[in-house]
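Q: So here's model-v7.cif, just mmCIF, N, CA and C atoms:
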```cif
data_run
#
loop_
_atom_site.label_atom_id
_atom_site.label_comp_id
_atom_site.auth_asym_id
_atom_site.auth_seq_id
_atom_site.Cartn_x
_atom_site.Cartn_y
_atom_site.Cartn_z
N MET A 4 -59.51 104.11 153.78
CA MET A 4 -59.17 104.69 152.49
C MET A 4 -57.77 104.22 152.11
N SER A 5 -57.61 103.80 150.90
CA SER A 5 -56.32 103.28 150.44
C SER A 5 -55.40 104.41 150.00
N ARG A 6 -54.12 104.15 150.12
CA ARG A 6 -53.10 105.10 149.69
C ARG A 6 -52.97 105.06 148.17
N ARG A 7 -52.47 106.13 147.62
CA ARG A 7 -52.20 106.22 146.19
C ARG A 7 -50.70 106.39 145.99
N PRO A 8 -50.15 105.80 144.92
CA PRO A 8 -48.71 105.99 144.67
C PRO A 8 -48.41 107.43 144.27
N ASN A 9 -47.21 107.86 144.52
CA ASN A 9 -46.78 109.23 144.22
C ASN A 9 -46.43 109.35 142.74
N ILE A 10 -47.46 109.44 141.91
CA ILE A 10 -47.27 109.52 140.45
C ILE A 10 -46.50 110.79 140.07
N GLU A 11 -46.87 111.92 140.68
CA GLU A 11 -46.22 113.18 140.34
C GLU A 11 -44.73 113.14 140.64
N GLY A 12 -44.37 112.57 141.78
CA GLY A 12 -42.96 112.44 142.13
C GLY A 12 -42.22 111.52 141.19
N ALA A 13 -42.87 110.43 140.80
CA ALA A 13 -42.25 109.49 139.87
C ALA A 13 -42.08 110.10 138.48
N LEU A 14 -43.03 110.94 138.07
CA LEU A 14 -42.92 111.59 136.76
C LEU A 14 -41.74 112.56 136.69
N LYS A 15 -41.30 113.07 137.85
CA LYS A 15 -40.14 113.96 137.87
C LYS A 15 -38.85 113.20 137.61
N GLN A 16 -38.86 111.89 137.78
CA GLN A 16 -37.67 111.06 137.59
C GLN A 16 -37.52 110.57 136.15
N VAL A 17 -38.58 110.70 135.34
CA VAL A 17 -38.58 110.21 133.96
C VAL A 17 -39.03 111.32 133.03
N SER A 18 -38.94 111.08 131.72
CA SER A 18 -39.27 112.13 130.77
C SER A 18 -40.71 112.08 130.25
N SER A 19 -41.42 110.97 130.48
CA SER A 19 -42.81 110.88 130.00
C SER A 19 -43.58 109.83 130.79
N ARG A 20 -44.89 109.85 130.66
CA ARG A 20 -45.73 108.85 131.32
C ARG A 20 -45.44 107.46 130.78
N TYR A 21 -45.17 107.39 129.48
CA TYR A 21 -44.84 106.10 128.87
C TYR A 21 -43.60 105.52 129.52
N GLU A 22 -42.59 106.34 129.70
CA GLU A 22 -41.35 105.88 130.32
C GLU A 22 -41.59 105.43 131.77
N LEU A 23 -42.48 106.14 132.47
CA LEU A 23 -42.82 105.74 133.84
C LEU A 23 -43.47 104.37 133.87
N VAL A 24 -44.43 104.13 132.98
CA VAL A 24 -45.10 102.84 132.93
C VAL A 24 -44.10 101.74 132.60
N HIS A 25 -43.24 101.99 131.63
CA HIS A 25 -42.25 101.00 131.22
C HIS A 25 -41.26 100.71 132.36
N ALA A 26 -40.79 101.75 133.02
CA ALA A 26 -39.83 101.57 134.12
C ALA A 26 -40.48 100.84 135.29
N ALA A 27 -41.72 101.19 135.62
CA ALA A 27 -42.42 100.52 136.72
C ALA A 27 -42.66 99.05 136.38
N ALA A 28 -43.01 98.76 135.14
CA ALA A 28 -43.24 97.37 134.73
C ALA A 28 -41.95 96.55 134.82
N LYS A 29 -40.85 97.13 134.40
CA LYS A 29 -39.55 96.44 134.50
C LYS A 29 -39.19 96.18 135.96
N ARG A 30 -39.45 97.17 136.82
CA ARG A 30 -39.14 96.99 138.24
C ARG A 30 -40.03 95.91 138.87
N VAL A 31 -41.29 95.87 138.47
CA VAL A 31 -42.19 94.83 138.98
C VAL A 31 -41.69 93.45 138.55
N GLU A 32 -41.21 93.33 137.32
CA GLU A 32 -40.63 92.06 136.86
C GLU A 32 -39.46 91.65 137.76
N GLN A 33 -38.60 92.61 138.11
CA GLN A 33 -37.48 92.31 139.00
C GLN A 33 -37.97 91.87 140.38
N LEU A 34 -39.00 92.54 140.90
CA LEU A 34 -39.54 92.19 142.20
C LEU A 34 -40.20 90.81 142.18
N LEU A 35 -40.84 90.47 141.07
CA LEU A 35 -41.49 89.16 140.97
C LEU A 35 -40.45 88.04 140.92
N LYS A 36 -39.28 88.33 140.37
CA LYS A 36 -38.21 87.32 140.36
C LYS A 36 -37.70 87.05 141.78
N GLU A 37 -37.80 88.05 142.64
CA GLU A 37 -37.36 87.89 144.03
C GLU A 37 -38.35 87.07 144.84
N GLY A 38 -39.62 87.10 144.45
CA GLY A 38 -40.65 86.35 145.16
C GLY A 38 -41.91 86.27 144.32
N ASP A 39 -42.62 85.17 144.40
CA ASP A 39 -43.79 84.95 143.54
C ASP A 39 -45.02 85.75 143.95
N ASP A 40 -45.08 86.14 145.21
CA ASP A 40 -46.26 86.85 145.70
C ASP A 40 -46.38 88.22 145.04
N ILE A 41 -47.61 88.70 144.81
CA ILE A 41 -47.81 90.00 144.18
C ILE A 41 -47.72 91.14 145.19
N PHE A 42 -47.56 90.79 146.47
CA PHE A 42 -47.46 91.80 147.52
C PHE A 42 -46.05 91.81 148.11
N VAL A 43 -45.68 92.96 148.63
CA VAL A 43 -44.42 93.12 149.35
C VAL A 43 -44.75 93.85 150.65
N ARG A 44 -44.01 93.55 151.69
CA ARG A 44 -44.27 94.19 152.98
C ARG A 44 -43.48 95.49 153.07
N ASP A 45 -44.19 96.58 153.35
CA ASP A 45 -43.57 97.88 153.54
C ASP A 45 -42.64 97.80 154.74
N LYS A 46 -41.41 98.28 154.59
CA LYS A 46 -40.41 98.15 155.65
C LYS A 46 -40.67 99.09 156.82
N VAL A 47 -41.36 100.19 156.59
CA VAL A 47 -41.61 101.16 157.65
C VAL A 47 -42.92 100.85 158.38
N LYS A 48 -44.00 100.76 157.63
CA LYS A 48 -45.32 100.56 158.24
C LYS A 48 -45.71 99.09 158.39
N ARG A 49 -44.90 98.20 157.82
CA ARG A 49 -45.13 96.75 157.92
C ARG A 49 -46.46 96.30 157.30
N GLU A 50 -47.02 97.10 156.39
CA GLU A 50 -48.26 96.71 155.74
C GLU A 50 -47.97 96.10 154.38
N LEU A 51 -48.89 95.25 153.89
CA LEU A 51 -48.74 94.66 152.57
C LEU A 51 -49.18 95.64 151.51
N ILE A 52 -48.34 95.82 150.49
CA ILE A 52 -48.71 96.66 149.36
C ILE A 52 -48.37 95.92 148.07
N LYS A 53 -49.08 96.26 147.00
CA LYS A 53 -48.82 95.62 145.71
C LYS A 53 -47.46 96.05 145.19
N LYS A 54 -46.86 95.16 144.45
CA LYS A 54 -45.53 95.44 143.91
C LYS A 54 -45.56 96.57 142.89
N THR A 55 -46.69 96.76 142.20
CA THR A 55 -46.80 97.87 141.26
C THR A 55 -46.73 99.20 142.01
N PHE A 56 -47.43 99.29 143.13
CA PHE A 56 -47.40 100.48 143.98
C PHE A 56 -45.99 100.72 144.50
N TYR A 57 -45.37 99.66 144.97
CA TYR A 57 -44.02 99.73 145.53
C TYR A 57 -43.01 100.20 144.48
N ALA A 58 -43.14 99.71 143.25
CA ALA A 58 -42.23 100.09 142.17
C ALA A 58 -42.35 101.59 141.86
N ILE A 59 -43.57 102.11 141.81
CA ILE A 59 -43.77 103.53 141.53
C ILE A 59 -43.22 104.38 142.67
N GLU A 60 -43.43 103.94 143.90
CA GLU A 60 -42.90 104.66 145.06
C GLU A 60 -41.37 104.68 145.05
N GLU A 61 -40.75 103.55 144.68
CA GLU A 61 -39.29 103.52 144.60
C GLU A 61 -38.78 104.51 143.56
N LEU A 62 -39.46 104.60 142.42
CA LEU A 62 -39.07 105.56 141.39
C LEU A 62 -39.23 106.99 141.91
N ALA A 63 -40.35 107.28 142.58
CA ALA A 63 -40.61 108.62 143.09
C ALA A 63 -39.58 109.05 144.12
N GLU A 64 -39.14 108.11 144.96
CA GLU A 64 -38.18 108.42 146.02
C GLU A 64 -36.74 108.39 145.53
N GLY A 65 -36.53 108.00 144.27
CA GLY A 65 -35.19 107.95 143.71
C GLY A 65 -34.38 106.73 144.14
N LYS A 66 -35.04 105.73 144.70
CA LYS A 66 -34.35 104.50 145.11
C LYS A 66 -33.97 103.65 143.91
N VAL A 67 -34.68 103.84 142.80
CA VAL A 67 -34.42 103.11 141.56
C VAL A 67 -34.16 104.14 140.47
N GLN A 68 -33.10 103.96 139.74
CA GLN A 68 -32.75 104.87 138.66
C GLN A 68 -33.13 104.25 137.31
N VAL A 69 -33.61 105.08 136.40
CA VAL A 69 -33.96 104.62 135.06
C VAL A 69 -32.73 104.75 134.18
N LYS A 70 -32.31 103.64 133.63
CA LYS A 70 -31.15 103.63 132.74
C LYS A 70 -31.65 103.69 131.31
N LYS A 71 -31.27 104.74 130.59
CA LYS A 71 -31.71 104.92 129.21
C LYS A 71 -30.67 104.32 128.28
N VAL A 72 -31.16 103.50 127.35
CA VAL A 72 -30.29 102.82 126.40
C VAL A 72 -30.64 103.31 125.00
N ASN A 73 -29.65 103.75 124.25
CA ASN A 73 -29.85 104.20 122.89
C ASN A 73 -29.70 102.99 121.97
N LEU A 74 -30.78 102.59 121.29
CA LEU A 74 -30.76 101.40 120.44
C LEU A 74 -30.36 101.69 119.01
N GLU A 75 -30.30 102.97 118.66
CA GLU A 75 -29.94 103.32 117.28
C GLU A 75 -28.42 103.30 117.13
N PRO A 76 -27.94 102.84 115.95
CA PRO A 76 -26.48 102.77 115.72
C PRO A 76 -25.82 104.12 115.59
#
```
As a first step, turn the structure in this file into C-alpha coordinates.
A:
Amino acid sequence: MSRRPNIEGALKQVSSRYELVHAAAKRVEQLLKEGDDIFVRDKVKRELIKKTFYAIEELAEGKVQVKKVNLEP
(Lines of atoms letter the chains of each structure in order from A and count residues from 1; the text may use other names and numbers.)
(Lines give C-alpha, C1' and ligand atoms only; values in the text may rest on other atoms or scores of the structure.)
Protein backbone atom coordinates (compact mmCIF):
# COMPACT_ATOMS: atom_id res chain seq x y z
CA MET A 1 0.00 0.00 0.00
CA SER A 2 1.40 3.38 -0.96
CA ARG A 3 1.77 6.30 1.41
CA ARG A 4 -0.29 9.46 1.02
CA PRO A 5 1.06 12.99 1.50
CA ASN A 6 -0.02 14.86 4.62
CA ILE A 7 -2.53 17.18 2.91
CA GLU A 8 -4.21 18.21 6.16
CA GLY A 9 -0.88 19.23 7.69
CA ALA A 10 0.09 21.15 4.58
CA LEU A 11 -3.25 22.98 4.54
CA LYS A 12 -2.48 24.31 8.02
CA GLN A 13 0.57 26.10 6.56
CA VAL A 14 -1.40 27.95 3.85
CA SER A 15 -4.71 29.80 3.61
CA SER A 16 -6.42 27.75 0.87
CA ARG A 17 -6.17 24.63 -1.27
CA TYR A 18 -5.31 26.81 -4.25
CA GLU A 19 -2.36 28.27 -2.37
CA LEU A 20 -1.23 24.75 -1.42
CA VAL A 21 -1.29 23.60 -5.04
CA HIS A 22 0.56 26.72 -6.17
CA ALA A 23 3.19 26.44 -3.42
CA ALA A 24 3.74 22.72 -4.07
CA ALA A 25 4.09 23.34 -7.81
CA LYS A 26 6.67 26.08 -7.20
CA ARG A 27 8.61 23.79 -4.86
CA VAL A 28 8.55 20.97 -7.43
CA GLU A 29 9.99 23.41 -10.00
CA GLN A 30 12.82 24.16 -7.56
CA LEU A 31 13.43 20.45 -6.98
CA LEU A 32 13.47 19.76 -10.72
CA LYS A 33 16.16 22.40 -11.17
CA GLU A 34 18.30 20.48 -8.68
CA GLY A 35 17.93 17.25 -10.67
CA ASP A 36 16.08 16.07 -13.77
CA ASP A 37 14.66 12.91 -12.23
CA ILE A 38 11.02 13.06 -11.04
CA PHE A 39 11.94 11.07 -7.93
CA VAL A 40 13.90 12.03 -4.83
CA ARG A 41 15.30 9.65 -2.24
CA ASP A 42 13.77 9.98 1.23
CA LYS A 43 16.59 10.76 3.66
CA VAL A 44 15.15 8.68 6.51
CA LYS A 45 13.68 5.60 4.85
CA ARG A 46 15.92 5.74 1.76
CA GLU A 47 12.95 5.03 -0.53
CA LEU A 48 12.20 6.79 -3.81
CA ILE A 49 9.26 9.17 -3.71
CA LYS A 50 7.85 11.58 -6.27
CA LYS A 51 8.90 15.19 -5.96
CA THR A 52 5.25 16.27 -5.77
CA PHE A 53 4.79 14.09 -2.67
CA TYR A 54 8.06 15.37 -1.21
CA ALA A 55 7.06 19.02 -1.78
CA ILE A 56 3.72 18.56 0.03
CA GLU A 57 5.46 16.78 2.91
CA GLU A 58 8.00 19.61 3.21
CA LEU A 59 5.15 22.13 3.43
CA ALA A 60 3.31 20.02 6.04
CA GLU A 61 6.44 19.69 8.20
CA GLY A 62 7.22 23.41 7.93
CA LYS A 63 10.55 22.82 6.17
CA VAL A 64 9.44 25.17 3.39
CA GLN A 65 7.77 28.50 4.09
CA VAL A 66 5.27 30.14 1.74
CA LYS A 67 6.25 33.70 0.98
CA LYS A 68 3.23 35.86 0.14
CA VAL A 69 3.81 38.71 -2.27
CA ASN A 70 1.32 41.56 -2.64
CA LEU A 71 1.17 42.47 -6.35
CA GLU A 72 -1.23 45.37 -5.98
CA PRO A 73 0.27 48.89 -5.78
Q: Given the PyMOL selection byres ((chain A and resi 62) around 8) and the file above, list the residues it selects as a PyMOL selection string.
A: chain A and resi 9+12-17+26-27+56-61+63-69
Q: Between atom N of Ser19 of chain A and atom CA of Asn73 of chain A, what distance in Å does the model show, to one decimal?
A: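 Computing it gives 15.4 Å between the two atoms.
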Q: From the set A:Glu22, A:Glu11, A:Glu37, A:Glu32, which residue has the shortest atom-to-atom contact distance to Thr55 of chain A, counting only C-alpha atoms?
A: A:Glu32
Q: Atom N of Pro8 of chain A to atom N of Lys54 of chain A: how many Å, to one decimal?
A: 11.1 Å
Q: Determine the nearest neighbour of Val31 of chain A from the options A:Ile10, A:Arg44, A:Lys53, A:Lys71, counting only C-alpha atoms.
A: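 Closest candidate: A:Lys53.
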Q: Around the point (-51.0, 101.5, 153.2) (coordinates from the file), which residues reach within 7 Å if we count only N, CA and C atoms? Answer as an NGL selection string.
A: :A and (5-6 or 50-52)
Q: What does the distance from atom N of Arg7 of chain A to atom N of Tyr21 of chain A come to in Å, to one decimal?
A: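 Distance reported for this atom pair: 19.6 Å.
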Q: Give me every alpha helix (DSSP H) residue in segment 27-69 of chain A, going by DSSP on the backbone, as a ChimeraX atom specification.
A: /A:27-37,54-64
Q: Which residue, A:Glu75, A:Lys70, A:Phe42, A:Gln33, has the smallest gap to Ser18 of chain A when you use only C-alpha atoms?
A: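 Residue with the minimum atom-to-atom distance to Ser18 of chain A: A:Lys70.
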